[in-house]
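A.B. asks: One file: coords.txt (compact mmCIF, C-alpha atoms (C1' of nucleotides)).
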# COMPACT_ATOMS: atom_id res chain seq x y z
CA MET Q 1 20.61 21.19 -31.50
CA TYR Q 2 20.40 20.84 -27.75
CA PRO Q 3 19.71 17.55 -26.04
CA ASN Q 4 16.42 16.88 -24.27
CA LEU Q 5 18.05 17.72 -20.97
CA ILE Q 6 18.54 21.36 -21.89
CA THR Q 7 15.13 21.67 -23.51
CA HIS Q 8 13.64 20.25 -20.37
CA ILE Q 9 15.42 22.67 -18.05
CA ARG Q 10 14.32 25.56 -20.26
CA LYS Q 11 10.69 24.55 -19.77
CA PHE Q 12 11.07 25.58 -16.15
CA VAL Q 13 13.81 28.22 -15.88
CA ASP Q 14 15.77 30.55 -18.12
CA LEU Q 15 19.08 29.27 -19.40
CA SER Q 16 21.36 31.05 -21.87
CA ASP Q 17 23.34 29.09 -24.43
CA GLU Q 18 26.53 29.62 -22.46
CA GLN Q 19 24.82 28.35 -19.34
CA ALA Q 20 23.50 25.35 -21.22
CA ASP Q 21 27.04 24.54 -22.26
CA LEU Q 22 28.16 24.75 -18.67
CA VAL Q 23 25.48 22.26 -17.68
CA LEU Q 24 26.57 19.90 -20.45
CA GLU Q 25 30.18 20.15 -19.36
CA HIS Q 26 29.29 18.73 -15.98
CA ALA Q 27 26.69 16.14 -16.91
CA LYS Q 28 28.18 12.98 -18.38
CA LEU Q 29 26.30 11.36 -21.23
CA LEU Q 30 26.23 7.60 -20.83
CA GLN Q 31 25.34 5.12 -23.54
CA ILE Q 32 24.03 2.10 -21.74
CA LYS Q 33 22.70 -1.23 -22.88
CA LYS Q 34 19.62 -3.05 -21.75
CA ASN Q 35 20.22 -4.54 -18.28
CA ASP Q 36 23.27 -2.37 -17.58
CA MET Q 37 23.26 -1.21 -13.98
CA LEU Q 38 23.66 2.37 -12.79
CA LEU Q 39 23.29 1.68 -9.09
CA ARG Q 40 23.62 -1.40 -6.93
CA GLY Q 41 21.98 -1.84 -3.53
CA GLY Q 42 24.52 -1.38 -0.77
CA GLN Q 43 26.42 1.30 -2.66
CA VAL Q 44 25.97 4.96 -1.86
CA CYS Q 45 24.06 6.67 -4.64
CA ARG Q 46 26.27 9.48 -5.93
CA ALA Q 47 24.41 10.85 -8.92
CA SER Q 48 21.01 11.50 -10.40
CA TYR Q 49 20.16 10.34 -13.88
CA PHE Q 50 18.24 12.08 -16.62
CA VAL Q 51 16.88 9.84 -19.36
CA GLU Q 52 17.55 11.25 -22.83
CA LYS Q 53 16.35 8.12 -24.54
CA GLY Q 54 15.27 4.65 -23.48
CA GLY Q 55 14.24 3.81 -19.95
CA LEU Q 56 15.38 2.89 -16.47
CA CYS Q 57 13.85 0.99 -13.62
CA MET Q 58 14.50 1.06 -9.91
CA TYR Q 59 14.03 -2.09 -7.88
CA PHE Q 60 15.05 -4.01 -4.80
CA ILE Q 61 15.49 -7.69 -4.06
CA ASN Q 62 13.29 -9.16 -1.37
CA ASP Q 63 14.28 -11.87 1.10
CA LYS Q 64 13.21 -14.57 -1.33
CA GLY Q 65 15.53 -13.21 -3.99
CA VAL Q 66 12.71 -11.79 -6.11
CA GLU Q 67 13.18 -8.46 -7.88
CA LYS Q 68 10.52 -5.93 -6.99
CA ILE Q 69 10.33 -2.93 -9.31
CA THR Q 70 9.32 0.28 -7.55
CA HIS Q 71 9.81 2.85 -10.29
CA PHE Q 72 10.03 3.24 -14.06
CA VAL Q 73 11.34 6.31 -15.85
CA ILE Q 74 11.50 7.09 -19.55
CA GLU Q 75 12.53 10.08 -21.67
CA ASN Q 76 12.70 13.42 -19.87
CA TRP Q 77 12.53 12.14 -16.33
CA TRP Q 78 15.08 12.14 -13.55
CA LEU Q 79 15.78 9.15 -11.37
CA SER Q 80 17.87 8.57 -8.29
CA ASP Q 81 17.66 7.24 -4.77
CA TYR Q 82 17.20 10.62 -3.19
CA LEU Q 83 17.49 9.38 0.35
CA SER Q 84 20.89 7.83 -0.31
CA LEU Q 85 21.98 10.78 -2.42
CA GLY Q 86 21.13 13.26 0.31
CA SER Q 87 22.48 11.32 3.26
CA ASN Q 88 25.44 9.40 1.84
CA ASN Q 89 23.96 6.22 3.26
CA PRO Q 90 24.02 3.00 1.25
CA SER Q 91 21.09 2.64 -1.07
CA ALA Q 92 18.43 -0.04 -0.70
CA PHE Q 93 17.76 0.08 -4.43
CA ASN Q 94 19.18 -0.98 -7.75
CA ILE Q 95 18.86 1.05 -10.93
CA ARG Q 96 19.08 -0.63 -14.31
CA ALA Q 97 18.22 0.07 -17.94
CA PHE Q 98 15.17 -1.92 -19.01
CA GLU Q 99 16.03 -1.08 -22.62
CA ASN Q 100 19.04 0.49 -24.35
CA ALA Q 101 19.33 4.04 -23.15
CA GLU Q 102 21.11 7.36 -23.28
CA VAL Q 103 21.37 8.85 -19.84
CA TYR Q 104 22.87 12.03 -18.46
CA SER Q 105 24.56 11.29 -15.19
CA LEU Q 106 24.79 14.28 -12.91
CA ASP Q 107 27.17 13.68 -10.07
CA PHE Q 108 26.20 15.02 -6.65
CA HIS Q 109 29.14 17.40 -6.52
CA ALA Q 110 28.59 18.53 -10.09
CA GLN Q 111 25.02 19.35 -9.15
CA GLU Q 112 26.15 21.36 -6.13
CA LEU Q 113 28.64 23.25 -8.26
CA LEU Q 114 26.12 23.95 -11.01
CA CYS Q 115 23.57 25.17 -8.50
CA ARG Q 116 26.14 27.57 -7.10
CA LYS Q 117 27.06 28.92 -10.52
CA LEU Q 118 23.52 28.92 -11.89
CA PRO Q 119 21.07 29.69 -9.09
CA GLN Q 120 18.09 29.10 -11.36
CA LEU Q 121 19.05 25.42 -11.35
CA GLU Q 122 18.34 25.31 -7.66
CA ARG Q 123 14.82 26.30 -8.59
CA TYR Q 124 14.67 23.79 -11.45
CA PHE Q 125 15.66 20.94 -9.19
CA ARG Q 126 13.27 22.08 -6.50
CA LEU Q 127 10.46 21.90 -9.02
CA MET Q 128 11.60 18.45 -10.15
CA MET Q 129 11.74 17.18 -6.59
CA GLN Q 130 8.38 18.71 -5.80
CA ARG Q 131 6.84 17.07 -8.82
CA GLY Q 132 8.40 13.71 -7.97
CA TYR Q 133 7.26 14.03 -4.39
CA GLY Q 134 3.74 14.93 -5.45
CA ALA Q 135 3.60 12.04 -7.90
CA HIS Q 136 4.61 9.63 -5.15
CA GLN Q 137 2.04 11.04 -2.74
CA PHE Q 138 -0.56 10.40 -5.39
CA ARG Q 139 0.79 6.96 -6.13
CA ILE Q 140 0.43 5.94 -2.51
CA LYS Q 141 -3.17 7.07 -2.74
CA LEU Q 142 -3.70 4.86 -5.78
CA MET Q 143 -2.11 1.89 -4.05
CA ARG Q 144 -4.46 2.37 -1.10
CA GLU Q 145 -7.55 3.17 -3.10
CA PHE Q 146 -7.48 0.43 -5.71
CA ASN Q 147 -7.27 -3.31 -5.61
CA SER Q 148 -4.88 -5.02 -8.01
CA GLU Q 149 -7.31 -5.20 -10.88
CA GLN Q 150 -8.29 -1.55 -10.65
CA TYR Q 151 -4.66 -0.49 -10.30
CA TYR Q 152 -3.75 -2.45 -13.40
CA HIS Q 153 -6.57 -0.94 -15.42
CA HIS Q 154 -5.69 2.52 -14.23
CA PHE Q 155 -2.07 2.11 -15.24
CA ARG Q 156 -2.88 0.50 -18.56
CA ASP Q 157 -5.31 3.27 -19.48
CA LEU Q 158 -2.90 5.99 -18.40
CA TYR Q 159 0.20 4.63 -20.13
CA PRO Q 160 -1.04 2.45 -23.01
CA THR Q 161 2.12 2.86 -25.06
CA PHE Q 162 4.53 2.43 -22.21
CA ILE Q 163 3.27 -1.00 -21.21
CA GLN Q 164 4.19 -2.23 -24.69
CA ARG Q 165 7.84 -1.43 -24.00
CA ILE Q 166 8.19 -3.80 -21.05
CA PRO Q 167 7.58 -7.52 -20.58
CA GLN Q 168 4.58 -8.46 -18.53
CA TYR Q 169 6.49 -9.83 -15.60
CA MET Q 170 8.04 -6.39 -15.10
CA LEU Q 171 4.66 -4.74 -15.19
CA ALA Q 172 3.40 -7.27 -12.67
CA SER Q 173 6.39 -6.58 -10.42
CA PHE Q 174 5.79 -2.84 -10.62
CA LEU Q 175 2.10 -3.19 -9.88
CA GLY Q 176 2.87 -5.39 -6.91
CA LEU Q 177 1.27 -8.61 -8.07
CA THR Q 178 2.40 -11.94 -9.46
CA PRO Q 179 2.82 -12.59 -13.19
CA GLU Q 180 0.28 -15.39 -12.85
CA TYR Q 181 -2.37 -13.11 -11.45
CA LEU Q 182 -1.72 -10.38 -14.00
CA SER Q 183 -2.16 -13.01 -16.69
CA GLU Q 184 -5.50 -13.90 -15.19
CA LEU Q 185 -6.58 -10.26 -15.14
CA ARG Q 186 -5.62 -9.80 -18.76
CA LYS Q 187 -7.66 -12.81 -19.75
CA LYS Q 188 -10.72 -11.31 -18.11
CA ASP Q 189 -10.23 -8.08 -20.08
CA ALA Q 190 -10.30 -9.62 -23.51
CA PRO Q 191 -12.57 -12.64 -23.41
CA ARG Q 192 -13.02 -12.28 -27.18
CA THR Q 193 -9.89 -11.67 -29.25
CA SER Q 194 -10.62 -14.07 -32.08
CA MET E 1 13.58 33.20 20.71
CA TYR E 2 12.89 32.03 17.20
CA PRO E 3 10.21 29.50 16.38
CA ASN E 4 11.04 25.98 15.23
CA LEU E 5 10.50 27.04 11.64
CA ILE E 6 13.49 29.37 11.67
CA THR E 7 15.69 26.95 13.58
CA HIS E 8 14.80 24.34 11.06
CA ILE E 9 15.68 26.46 8.05
CA ARG E 10 18.98 27.36 9.69
CA LYS E 11 19.89 23.70 9.90
CA PHE E 12 20.09 23.68 6.13
CA VAL E 13 20.94 27.20 4.94
CA ASP E 14 22.24 30.48 6.33
CA LEU E 15 19.67 32.99 7.43
CA SER E 16 20.37 36.32 9.11
CA ASP E 17 18.03 37.66 11.77
CA GLU E 18 16.64 40.21 9.32
CA GLN E 19 15.98 37.46 6.83
CA ALA E 20 14.34 35.34 9.49
CA ASP E 21 12.01 38.22 10.23
CA LEU E 22 11.16 38.48 6.55
CA VAL E 23 10.23 34.81 6.51
CA LEU E 24 8.05 35.24 9.57
CA GLU E 25 6.30 38.21 7.99
CA HIS E 26 5.09 36.02 5.16
CA ALA E 27 4.32 32.81 6.97
CA LYS E 28 1.06 32.94 8.90
CA LEU E 29 0.97 31.20 12.26
CA LEU E 30 -2.27 29.28 12.73
CA GLN E 31 -3.58 27.96 16.01
CA ILE E 32 -5.75 25.04 15.10
CA LYS E 33 -7.79 22.59 17.11
CA LYS E 34 -7.96 18.86 16.82
CA ASN E 35 -9.97 17.90 13.72
CA ASP E 36 -9.73 21.38 12.17
CA MET E 37 -9.20 21.10 8.44
CA LEU E 38 -6.50 22.86 6.44
CA LEU E 39 -7.38 21.42 3.05
CA ARG E 40 -10.47 19.78 1.61
CA GLY E 41 -10.46 17.42 -1.35
CA GLY E 42 -11.72 19.20 -4.46
CA GLN E 43 -10.12 22.50 -3.47
CA VAL E 44 -6.87 23.65 -5.00
CA CYS E 45 -4.08 23.43 -2.45
CA ARG E 46 -2.60 26.90 -2.11
CA ALA E 47 -0.12 26.62 0.72
CA SER E 48 2.33 24.34 2.43
CA TYR E 49 2.21 23.84 6.16
CA PHE E 50 5.02 23.60 8.67
CA VAL E 51 4.15 22.00 11.99
CA GLU E 52 5.48 23.99 14.94
CA LYS E 53 3.61 21.89 17.43
CA GLY E 54 1.06 19.10 17.31
CA GLY E 55 0.39 17.04 14.23
CA LEU E 56 -1.42 16.83 10.93
CA CYS E 57 -2.66 14.00 8.78
CA MET E 58 -3.41 13.78 5.10
CA TYR E 59 -6.13 11.45 3.89
CA PHE E 60 -8.68 10.76 1.22
CA ILE E 61 -12.16 9.26 1.25
CA ASN E 62 -12.66 6.09 -0.75
CA ASP E 63 -15.79 5.13 -2.67
CA LYS E 64 -17.29 3.50 0.41
CA GLY E 65 -16.90 6.71 2.38
CA VAL E 66 -14.03 5.43 4.50
CA GLU E 67 -11.16 7.77 5.42
CA LYS E 68 -7.77 6.46 4.33
CA ILE E 69 -4.82 8.21 5.94
CA THR E 70 -1.79 8.46 3.66
CA HIS E 71 0.50 10.69 5.67
CA PHE E 72 1.23 11.87 9.19
CA VAL E 73 3.44 14.82 10.09
CA ILE E 74 4.52 16.14 13.45
CA GLU E 75 6.82 18.89 14.73
CA ASN E 76 9.37 20.21 12.22
CA TRP E 77 7.90 18.67 9.11
CA TRP E 78 6.25 20.25 6.09
CA LEU E 79 3.06 18.96 4.56
CA SER E 80 1.12 19.81 1.46
CA ASP E 81 -0.37 18.24 -1.63
CA TYR E 82 2.55 19.09 -3.85
CA LEU E 83 0.87 17.96 -7.04
CA SER E 84 -2.07 20.28 -6.48
CA LEU E 85 0.18 23.08 -5.24
CA GLY E 86 2.39 22.90 -8.31
CA SER E 87 -0.34 22.51 -10.91
CA ASN E 88 -3.28 24.45 -9.49
CA ASN E 89 -5.43 21.38 -9.97
CA PRO E 90 -7.96 20.38 -7.31
CA SER E 91 -6.51 18.20 -4.62
CA ALA E 92 -7.52 14.60 -4.05
CA PHE E 93 -6.59 14.90 -0.38
CA ASN E 94 -7.76 16.36 2.89
CA ILE E 95 -5.46 17.73 5.54
CA ARG E 96 -6.56 17.87 9.16
CA ALA E 97 -5.06 18.26 12.62
CA PHE E 98 -5.10 14.96 14.50
CA GLU E 99 -4.34 16.90 17.69
CA ASN E 100 -4.29 20.58 18.62
CA ALA E 101 -1.55 22.23 16.63
CA GLU E 102 0.42 25.34 15.80
CA VAL E 103 1.10 25.49 12.11
CA TYR E 104 2.90 27.96 9.87
CA SER E 105 0.99 28.33 6.65
CA LEU E 106 3.14 29.43 3.75
CA ASP E 107 1.06 30.56 0.84
CA PHE E 108 2.25 29.59 -2.63
CA HIS E 109 2.79 33.21 -3.66
CA ALA E 110 4.50 34.04 -0.41
CA GLN E 111 6.87 31.17 -1.04
CA GLU E 112 7.64 32.40 -4.55
CA LEU E 113 8.27 35.88 -3.21
CA LEU E 114 10.48 34.66 -0.39
CA CYS E 115 12.48 32.51 -2.78
CA ARG E 116 13.06 35.51 -4.99
CA LYS E 117 14.21 37.69 -2.09
CA LEU E 118 16.16 34.97 -0.31
CA PRO E 119 17.66 32.61 -2.89
CA GLN E 120 18.96 30.27 -0.20
CA LEU E 121 15.34 29.38 0.50
CA GLU E 122 15.10 27.90 -2.96
CA ARG E 123 17.83 25.55 -1.80
CA TYR E 124 16.15 24.90 1.52
CA PHE E 125 12.92 23.90 -0.15
CA ARG E 126 14.76 21.80 -2.70
CA LEU E 127 16.33 19.86 0.14
CA MET E 128 12.95 19.48 1.86
CA MET E 129 11.33 18.22 -1.33
CA GLN E 130 14.22 15.88 -1.99
CA ARG E 131 13.97 14.47 1.48
CA GLY E 132 10.22 14.03 1.20
CA TYR E 133 10.59 12.41 -2.19
CA GLY E 134 13.26 10.06 -0.90
CA ALA E 135 11.18 9.13 2.11
CA HIS E 136 8.26 8.26 -0.14
CA GLN E 137 10.44 6.17 -2.44
CA PHE E 138 11.51 4.24 0.60
CA ARG E 139 8.01 3.95 1.88
CA ILE E 140 6.84 2.37 -1.34
CA LYS E 141 9.64 -0.13 -0.91
CA LEU E 142 8.40 -0.95 2.58
CA MET E 143 4.85 -1.36 1.35
CA ARG E 144 6.04 -3.78 -1.31
CA GLU E 145 8.54 -5.62 0.84
CA PHE E 146 6.48 -6.26 3.94
CA ASN E 147 3.14 -7.82 4.61
CA SER E 148 0.79 -6.05 6.99
CA GLU E 149 2.22 -7.63 10.10
CA GLN E 150 5.82 -6.81 9.23
CA TYR E 151 4.89 -3.29 8.21
CA TYR E 152 3.15 -2.74 11.53
CA HIS E 153 6.12 -4.05 13.50
CA HIS E 154 8.49 -1.91 11.49
CA PHE E 155 6.46 1.21 12.11
CA ARG E 156 5.92 0.49 15.76
CA ASP E 157 9.63 -0.10 16.35
CA LEU E 158 10.61 3.01 14.41
CA TYR E 159 8.13 5.41 15.99
CA PRO E 160 7.27 3.96 19.40
CA THR E 161 6.33 7.32 20.91
CA PHE E 162 4.38 8.56 17.93
CA ILE E 163 1.94 5.66 17.89
CA GLN E 164 0.90 6.64 21.40
CA ARG E 165 -0.33 9.98 20.10
CA ILE E 166 -2.94 8.54 17.76
CA PRO E 167 -5.87 6.17 18.21
CA GLN E 168 -5.45 2.70 16.81
CA TYR E 169 -7.96 3.07 14.04
CA MET E 170 -5.87 5.90 12.61
CA LEU E 171 -2.76 3.79 12.74
CA ALA E 172 -4.64 0.99 11.02
CA SER E 173 -5.83 3.37 8.33
CA PHE E 174 -2.30 4.65 7.76
CA LEU E 175 -0.86 1.16 7.58
CA GLY E 176 -3.53 0.15 5.09
CA LEU E 177 -5.35 -2.45 7.14
CA THR E 178 -8.58 -2.72 9.09
CA PRO E 179 -8.83 -1.87 12.80
CA GLU E 180 -10.01 -5.43 13.39
CA TYR E 181 -6.95 -6.94 11.84
CA LEU E 182 -4.57 -4.59 13.62
CA SER E 183 -6.22 -5.61 16.85
CA GLU E 184 -5.52 -9.23 15.97
CA LEU E 185 -1.87 -8.46 15.24
CA ARG E 186 -1.46 -6.65 18.54
CA LYS E 187 -2.89 -9.60 20.38
CA LYS E 188 -0.30 -11.87 18.82
CA ASP E 189 2.48 -9.52 19.97
CA ALA E 190 1.67 -9.55 23.63
CA PRO E 191 0.18 -12.93 24.49
CA ARG E 192 1.18 -12.30 28.11
CA THR E 193 0.50 -8.88 29.59
CA SER E 194 -0.89 -9.98 32.91
C1' DC O 1 17.63 -28.36 -33.07
C1' DG O 2 17.40 -27.55 -28.21
C1' DC O 3 17.61 -24.46 -24.53
C1' DG O 4 16.05 -20.62 -21.78
C1' DA O 5 12.94 -16.86 -21.17
C1' DC O 6 8.29 -15.73 -20.98
C1' DG O 7 3.39 -16.28 -20.58
C1' DT O 8 -0.61 -19.18 -19.31
C1' DT O 9 -3.57 -22.40 -16.75
C1' DG O 10 -5.46 -24.78 -12.89
C1' DA O 11 -5.49 -26.57 -7.99
C1' DT O 12 -4.76 -25.25 -3.54
C1' DT O 13 -3.80 -22.23 0.27
C1' DT O 14 -3.73 -18.04 2.96
C1' DG O 15 -3.63 -13.25 4.51
C1' DC O 16 -6.69 -10.09 5.28
C1' DC O 17 -11.43 -8.24 4.84
C1' DT O 18 -16.39 -8.11 5.99
C1' DC O 19 -19.92 -8.22 9.04
C1' DA O 20 -22.03 -8.58 13.37
C1' DA O 21 -21.84 -8.53 18.13
C1' DC O 22 -19.96 -7.36 22.39
C1' DG O 23 -16.92 -4.78 26.32
C1' DA O 24 -14.72 -0.75 27.97
C1' DT O 25 -14.25 3.98 28.33
C1' DT O 26 -15.53 8.68 27.99
C1' DG O 27 -18.22 12.59 28.09
C1' DT O 28 -22.54 14.87 28.44
C1' DG O 29 -27.06 16.45 29.58
C1' DG O 30 -30.96 15.74 32.69
C1' DC X 1 -24.16 12.30 40.06
C1' DC X 2 -26.04 9.05 37.46
C1' DA X 3 -27.97 7.42 32.75
C1' DC X 4 -27.19 7.06 28.32
C1' DA X 5 -25.05 7.49 23.94
C1' DA X 6 -21.05 7.75 21.33
C1' DT X 7 -16.48 6.32 20.49
C1' DC X 8 -13.06 2.97 20.43
C1' DG X 9 -11.07 -1.54 20.73
C1' DT X 10 -11.83 -6.66 20.62
C1' DT X 11 -13.57 -11.22 19.17
C1' DG X 12 -15.15 -14.69 16.07
C1' DA X 13 -17.41 -16.68 11.83
C1' DG X 14 -17.27 -16.70 7.15
C1' DG X 15 -15.64 -15.20 2.57
C1' DC X 16 -12.72 -13.54 -1.09
C1' DA X 17 -8.67 -11.62 -3.54
C1' DA X 18 -4.44 -12.85 -4.59
C1' DA X 19 -0.34 -15.82 -3.62
C1' DT X 20 1.90 -20.24 -4.18
C1' DC X 21 3.17 -24.18 -6.63
C1' DA X 22 3.54 -27.09 -10.48
C1' DA X 23 2.99 -28.01 -15.12
C1' DC X 24 2.75 -26.89 -19.81
C1' DG X 25 2.88 -24.14 -24.46
C1' DT X 26 5.33 -20.92 -27.20
C1' DC X 27 8.57 -18.15 -29.01
C1' DG X 28 13.22 -16.35 -30.10
C1' DC X 29 17.88 -17.30 -30.33
C1' DG X 30 22.58 -19.44 -29.95
As structure tokens, how would this structure be written, given the file I've shared?

C.D. replies:
Amino acid sequence: MYPNLITHIRKFVDLSDEQADLVLEHAKLLQIKKNDMLLRGGQVCRASYFVEKGGLCMYFINDKGVEKITHFVIENWWLSDYLSLGSNNPSAFNIRAFENAEVYSLDFHAQELLCRKLPQLERYFRLMMQRGYGAHQFRIKLMREFNSEQYYHHFRDLYPTFIQRIPQYMLASFLGLTPEYLSELRKKDAPRTS
Amino acid sequence: MYPNLITHIRKFVDLSDEQADLVLEHAKLLQIKKNDMLLRGGQVCRASYFVEKGGLCMYFINDKGVEKITHFVIENWWLSDYLSLGSNNPSAFNIRAFENAEVYSLDFHAQELLCRKLPQLERYFRLMMQRGYGAHQFRIKLMREFNSEQYYHHFRDLYPTFIQRIPQYMLASFLGLTPEYLSELRKKDAPRTS
DNA sequence: CGCGACGTTGATTTGCCTCAACGATTGTGG
DNA sequence: CCACAATCGTTGAGGCAAATCAACGTCGCG
């Protein structure tokens, strides 16, 4: 049985069993525990990560020392700092598991090599990048269109199961508001939960 | 002499003169005037646009009827709604020239065809998408890290010549604040310009 | 049991918006 | 060539969404 990674690639491009094996030879499977870090700000980001199981978050630390989460990913999504990865400049982000996780780590050079040997992967990654880019374009729209309350409702309605996997202070951080204010918003939602 | 588009591609991948001609056969050069629209919200986005000259902006209209600019591009950058382009769903965005412009329009099917004939273009577009994705990841960080004043200063210091090409109300819209408040911030900057 | 992590509550403050009015500039038709 | 309107930027008064700060309740866990 192939891992999610291979199944996922096959949703977008053709991949023979031999080719799948080649991919798996170059992608390292990591078993990581909640709060383990995959990238630290200041380091150059040298790999992209595919989540087989569990979840990762990307965040930075502001000048007051507060963690600000900019991105969550769960099963079947890629995550990396693509600016650092592409330029070899130090990353401004941290990446960490918000729950125990299995993650395929695809090193930059391994990706280059795989793309050379399997040209259809170039297409696969283009589609992934395009999708990630598009999602972020749309997210900026949401951030500009909605106030905090609307943004929270939108997110909660779109990902009702996901929000149960993370503590509320992480959700608040991701949404760009304080835990106190999120608490207030939640109270308004359910005035009657007796 | 080759247009910027070809020079740009050649910065990232090899392209013979014959191949360059093939690209130019499939990309339509549009001469567009200030305020001409390339995409309207509600329509499916069917092409990506490369700016040879001039500039484009991407925006949406909020529920009060106000235009909110989410993205500017100038010479040598691509722009499209990549979510709509990839999914064939109606776009939530508009694209318009903020000054007279020359733009290469690359139809979705033309891009697919070119990528099939010239596999290195698959790589080129992957790199473009990766760069755009990375830039947007970073932009979300900026939006979360800075308040309006800091964000304005950051943008002004980073693109001092660009901000002279657009009226202030567009800059305000892009930065996510009101023209009135931007005016106030500018006053604080230069208390003495006698 | 006692400590630390997490969520809640309330009082206060503030960054930024809203609205309304007023210059300055530009372009356009009479 | 001037009158007038439209566009753009500025100013100020007032208001609100959301942050800050401090305190407290609760739960899980060593």

A.B. asks: From the list E:Ile95, E:Leu185, E:Leu121, E:Ile163, which residue is nearest chain X when using only C-alpha atoms (C1' of nucleotides)?

C.D. replies: E:Leu185

A.B. asks: Hey, which of Q:Gln43, Q:Ser91, Q:Ser105, Q:Ser183 ends up closest to chain E? Count only C-alpha atoms.

C.D. replies: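 Under the stated criterion, the closest residue is Q:Ser91.
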
A.B. asks: How many Å lie between atom CA of Arg40 of chain E and atom CA of Tyr59 of chain E, rounded to one decimal?

C.D. replies: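 Distance between the two atoms: 9.7 Å.
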
A.B. asks: Identify, on the basis of all atoms listed in the file, every residue whose closest approach to DC17 of chain O does not exceed 9 Å; exclude the query and any residue fewer than 2 positions from it along the same chain; express the result as a ChimeraX atom specification.

C.D. replies: /E:177-178,181 /X:15-16

A.B. asks: Identify the residues around (8.9, -2.5, -26.1) within a radius of 12 Å, measuring from all atoms listed in the file in the coordinates stated by the file, and give them as number ranges by chain.

C.D. replies: Q: 34, 54-55, 74, 98-100, 160-168, 170-171

A.B. asks: Residues of chain O within 12 Å of chain Q: nearest atom pair and distance (Å, one decimal) for each, counting only C-alpha atoms (C1' of nucleotides), sorted by chain and number, as a tab-separated table?

C.D. replies:
residue	atom	partner	partner_atom	distance
O:DA5	C1'	Q:Pro167	CA	10.8
O:DC6	C1'	Q:Tyr169	CA	8.2
O:DG7	C1'	Q:Ser183	CA	7.5
O:DT8	C1'	Q:Ser183	CA	6.9
O:DT9	C1'	Q:Glu184	CA	8.9
O:DG10	C1'	Q:Glu180	CA	11.0

A.B. asks: Please identify all residues of chain X having at least one atom at most 9 Å from any atom of chain E, considering only C-alpha atoms (C1' of nucleotides), and return them as a PyMOL selection string.

C.D. replies: chain X and resi 8-11

A.B. asks: Can you work out the spacing between atom C1' of DA11 of chain O and atom C1' of DG12 of chain X in Å, to one decimal?

C.D. replies: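 Computed distance, atom C1' of DA11 of chain O to atom C1' of DG12 of chain X, equals 28.5 Å.
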
A.B. asks: Quick one, how far is atom C1' of DA24 of chain O from atom CA of Tyr151 of chain E?

C.D. replies: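 So the two atoms, atom C1' of DA24 of chain O and atom CA of Tyr151 of chain E, lie 28.0 Å apart.
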
A.B. asks: Ala27 of chain Q: which residues within 10 Å, counting all atoms listed in the file, same-chain residues fewer than 5 positions away excluded, as a count of residues only?

C.D. replies: 15

A.B. asks: Please, could N, CA and C atoms be added to segment 25-36 of chain E and the result written as a PDB file, in the frame of the given file?

C.D. replies:
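out.pdb was written with the following content:
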ATOM      1  N   GLU E  25       7.325  37.269   8.442  1.00  0.00           N
ATOM      2  CA  GLU E  25       6.300  38.210   7.990  1.00  0.00           C
ATOM      3  C   GLU E  25       5.365  37.573   6.967  1.00  0.00           C
ATOM      4  N   HIS E  26       5.881  36.598   6.249  1.00  0.00           N
ATOM      5  CA  HIS E  26       5.090  36.020   5.160  1.00  0.00           C
ATOM      6  C   HIS E  26       4.453  34.678   5.500  1.00  0.00           C
ATOM      7  N   ALA E  27       4.912  34.076   6.569  1.00  0.00           N
ATOM      8  CA  ALA E  27       4.320  32.810   6.970  1.00  0.00           C
ATOM      9  C   ALA E  27       3.309  33.085   8.087  1.00  0.00           C
ATOM     10  N   LYS E  28       2.086  32.680   7.894  1.00  0.00           N
ATOM     11  CA  LYS E  28       1.060  32.940   8.900  1.00  0.00           C
ATOM     12  C   LYS E  28       1.034  31.826   9.941  1.00  0.00           C
ATOM     13  N   LEU E  29       1.056  32.201  11.193  1.00  0.00           N
ATOM     14  CA  LEU E  29       0.970  31.200  12.260  1.00  0.00           C
ATOM     15  C   LEU E  29      -0.485  30.922  12.581  1.00  0.00           C
ATOM     16  N   LEU E  30      -0.885  29.664  12.456  1.00  0.00           N
ATOM     17  CA  LEU E  30      -2.270  29.280  12.730  1.00  0.00           C
ATOM     18  C   LEU E  30      -2.331  28.456  14.003  1.00  0.00           C
ATOM     19  N   GLN E  31      -3.305  28.795  14.841  1.00  0.00           N
ATOM     20  CA  GLN E  31      -3.580  27.960  16.010  1.00  0.00           C
ATOM     21  C   GLN E  31      -4.799  27.127  15.642  1.00  0.00           C
ATOM     22  N   ILE E  32      -4.610  25.853  15.517  1.00  0.00           N
ATOM     23  CA  ILE E  32      -5.750  25.040  15.100  1.00  0.00           C
ATOM     24  C   ILE E  32      -6.032  23.932  16.108  1.00  0.00           C
ATOM     25  N   LYS E  33      -7.317  23.589  16.153  1.00  0.00           N
ATOM     26  CA  LYS E  33      -7.790  22.590  17.110  1.00  0.00           C
ATOM     27  C   LYS E  33      -7.848  21.230  16.451  1.00  0.00           C
ATOM     28  N   LYS E  34      -7.772  20.235  17.281  1.00  0.00           N
ATOM     29  CA  LYS E  34      -7.960  18.860  16.820  1.00  0.00           C
ATOM     30  C   LYS E  34      -9.154  18.773  15.873  1.00  0.00           C
ATOM     31  N   ASN E  35      -8.945  18.114  14.763  1.00  0.00           N
ATOM     32  CA  ASN E  35      -9.970  17.900  13.720  1.00  0.00           C
ATOM     33  C   ASN E  35     -10.248  19.115  12.837  1.00  0.00           C
ATOM     34  N   ASP E  36      -9.598  20.249  13.095  1.00  0.00           N
ATOM     35  CA  ASP E  36      -9.730  21.380  12.170  1.00  0.00           C
ATOM     36  C   ASP E  36      -9.096  21.003  10.835  1.00  0.00           C
TER      37      ASP E  36
END
